[in-house]
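Step one of this worksheet: look at the structure below.
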Amino acid sequence: MSQKRLQEIKKIIDKANYHYYGLDEPILTDAEYDKYMQELFGIEKNHPEWVTEDSPSQRVGGFVASQFPKIRHPEPLLSLDNAFHAEDLKDFDCRVRMVAPDAEYVVELKIDGLTVALTYEDGLLIRGATRGDGEVGEEITANVKTIRAVPLRIRTEAGIPVSSQLDVRGEGYMPKESFLQLNSEREEEGLSLFANPRNAAAGSLRQQDSKITARRKLGYFSYQIIQAENLGIRTQKEVLQTLKNYGFHVNPDYKVFKTIEQVIAYCSQMTGERHNLPYEIDGLVIKVNHFAHQRELGYTAKSPRWAIAYKFPAEQVETVVKDIEINVGRTGVLTPTAIVREVFVAGSTVSRATLHNQDNIRDKDIRIGDYVLLHKAGDVIPEIIKSLPEKRSGTERIFEMPSACPSCGRPVFRPGGEAAHRCLNSSCPSRQREAIIHFVSREAMNIEGLGPAVIYQLLENRLIGDAADLYFLEYDKLLALERMGDKSAQNLLHAIETSKQRGLAPLIFALGIRHVGVKVGKVLANRYGNMDALRNAALEDLKEIGDIGETMAKSIISFFQDQANLDFLEKLRKAGVKMTADHTVTSQILAGKSIVVTGTLKFWDRREIEGFIEQLGGKSSSSVSKKTSFVVCGESAGSKLTKAKELGIPVFNEDEFKSFLHIANEDKINTDT
């Protein structure tokens with residue numbers, strides 16, 4: 001391979017990153033992106049002298065720091081004054097209008113992460129640093145380079161001037177999905193859990209091994225250029241537009257308003273809509289738009305007079321712990337769950353809350369019968385913040401983790417250095433049951449009609465011992481089950497038969513290999529193509545894959561070294577379960593398009609149509625923005641439809657969507673993802 005080809009690949013990957021993170025308009029599928037990355041790794045492995053600091057290969061991590069050097073910021077990072085009520089915002093507006101009567105405001109989402117300062121020289125990223133005390137931060141350059149939303153080199157194709165040194169500031173954050181996956185993995189490993197995405201992001205960016213940071217899939221929104229006025233920029237709005245042109249990821253939900261009443265209305269709107277975002281926000285930042293007005297307003301000793309942070313009211317509710325139950329997961333971890341008096345919080349009614357482990361219960365002094373404060377961690381998972389001991393009556397009971405597994409009766413162990421208690425019995429009924437529930441789930445083998453209740457019956461009646469036995473079920477024996485009629489039995493057998501063709505990626509995820517999620521299942525399927533090739537993969541080969549670190553690689557190797565797992569795979573093979581990869585993209589008709597699906601659909605369920613969109617090269621998005629290409633709308637659509645209309649984004653019903661794709665016959669539509 002030549003250096004010319006290397007440069008071509010680097011440009012393709014950089015352009016893809018810019019379109020994905022800077023414009024929210026993907027131009028490559030995940031499989032295509034991974035293919036270019038593997039080619040890049042191959043060339044640079046053979047020619048290490050060709051590796052440059054701005055190569056996309058530098059994002060995978062590998063640098064290990066013994067300590068983080070201290071860095072003095074070129075300008076101090078100041079704090080913002082807070083507003084908690086509409087009256088606080090009106091007072092702020094009065095102070096602004098006394099100096100700048102015609103001021104307008106830029107309102108940006110306040111991302112719940114940590115400030116990261118970036119320094120570029122001649123367009124190349126040379127340093128990343130934490131906020132620290134505002135004057136001095138810690139250098140975390142190697143970790144920052146693993147964030148794909150951070151450009152390693154500023155885009156200059158559009159002829160936009162770039163000063164010899166450019167200092168950019170923004171917010172590093174962890175998406176909700178990454179946060180939940182990380183805590184799930186840590187819970188399996190018996191490690192302490194992160195309290196929220198902000199803490200998880202901070203911990204990830206201060207990892208001494210940058211490979212760990214790379215695996216945690218952080219994001220970054222930029223919002224400030226220190227040298228803005230030297231570039232001829234005169235407003236905060238122009239800053240955001242320039243950052244976007246440079247290739248940075250700028251949060252798209254910023255607004256420009258003339259009056260404080262409009263600002264207050266937007267704050268109220270986002271208070272209700274924040275739970276629909278894929279990342280956490282804890283408020284909004286209101287800035288005077290024009291720099292001339294900012295200079296007139298000036299600063300106090302610690303904060304600018306031209307900006308203020310509106311903080312959302314804390315969504316914490318009081319409830320009572322009625323009982324504590326123990327659930328045994330498929331990996332054997334015993335997880336205590338609080339059964340609480342029903343309360344409404346962050347958009348839904350909650351009756352159960354995770355307690356994670358014995359240490360968490362002890363540290364928070366949570367007892368059965370306690371009044372407690374509850375919130376949703378990551379805006380998703382109900383979690384108890386603390387107990388309220390001042391409300392105790394004396395009848396509360398201290399909880400103790402059982403010494404025997406509540407499912408199989410075998411002794412429970414707590415390995416040294418772990419927070420989790422485990423049942424080590426691989427034949428434990430709860431572990432088997434949870435493994436089967438995972439195997440048939442939508443992201444895995446997607447066997448409809450096979451819910452937990454039916455699985456319980458199948459196990460209790462000894463019709464199955466593991467998930468592979470599902471493929472050998474007989475119609476007559478199914479009919480003997482409670483509430484299982486002729487039609488239900490036929491439908492279930494049909495769903496089981498259909499699942500045989502799910503393909504390699506869902507099957508890998510269904511196997512329940514520790515640390516291997518949906519995304520990694522797809523990566524492995526694309527890389528190896530069939531189960532035998534994956535089974536024979538070497539440890540070093542697995543570690544070379546961008547999304548896979550040493551811990552995950554060892555877990556995969558260990559899985560295929562277990563004879564019980566090999567016997568399980570052989571049963572699946574004999575049953576006719578497909579163990580080869582499909583071509584995940586069948587067409588490029590939707591390439592570069594971001595599509596939102598909302599409402600109740602007639603012809604597809606949600607995952608089917610999202611999979612179909614991906615098959616045709618498109619990106620299925622969960623939120624409507626200016627970058628949304630169009631919306632596919634079913635019945636009873638809500639806020640997403642409203643926002644699409646406000647932004648003038650095309651809206652298709654299902655029939656119009658099919659017509660758009662020039663599909664005349666429904667039977668030709670392959671929705672098997």
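Residue numbers start at 1 in each chain; chains themselves are named A, B, ... in the order of the structure tokens; ligands are numbered from 1 in the order shown.
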Please return as a VMD selection string: the residues of range 96-282 of chain A that backbone DSSP assigns to strand (DSSP E). chain A and resid 105 to 111 114 to 121 124 to 130 136 to 138 165 to 173 219 to 225 255 to 257 281 to 282
- range 472-479 of chain A surroundings by only C-alpha atoms, 8 Å radius, close-in-sequence under 5 positions cut, as a PyMOL selection string: chain A and resi 463-464+484-486+489-490+493+575
- Task: With a distance cut-off of 6 Å and only C-alpha atoms, select the neighbouring residues of range 102-116 of chain A, excluding the residue or stretch itself and same-chain residues fewer than 4 positions from it, and output the selection as a list in words.
- Result: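 Once the adjacent positions are removed, what remains is Ala129, Thr130, Arg131, Arg169, Gly170, Glu171, Gly172, Tyr173, Arg198, Tyr254, Lys255, Val256, Phe257, Lys258, Glu280, Ile281, Asp282, Gly283, Leu284, Val285, Ile286, Lys287, Val288 and Asn289 of chain A.
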note - CA of Leu77 in chain A and CA of Asp133 in chain A are separated by 8.1 Å
- Considering only C-alpha atoms, return as a PyMOL selection string whatever protein or nucleic-acid residues lie within 8 Å of Leu205 in chain A, sequence-local ones (same chain, fewer than 2 positions apart) excluded. chain A and resi 140+143-144+201-203+207+213
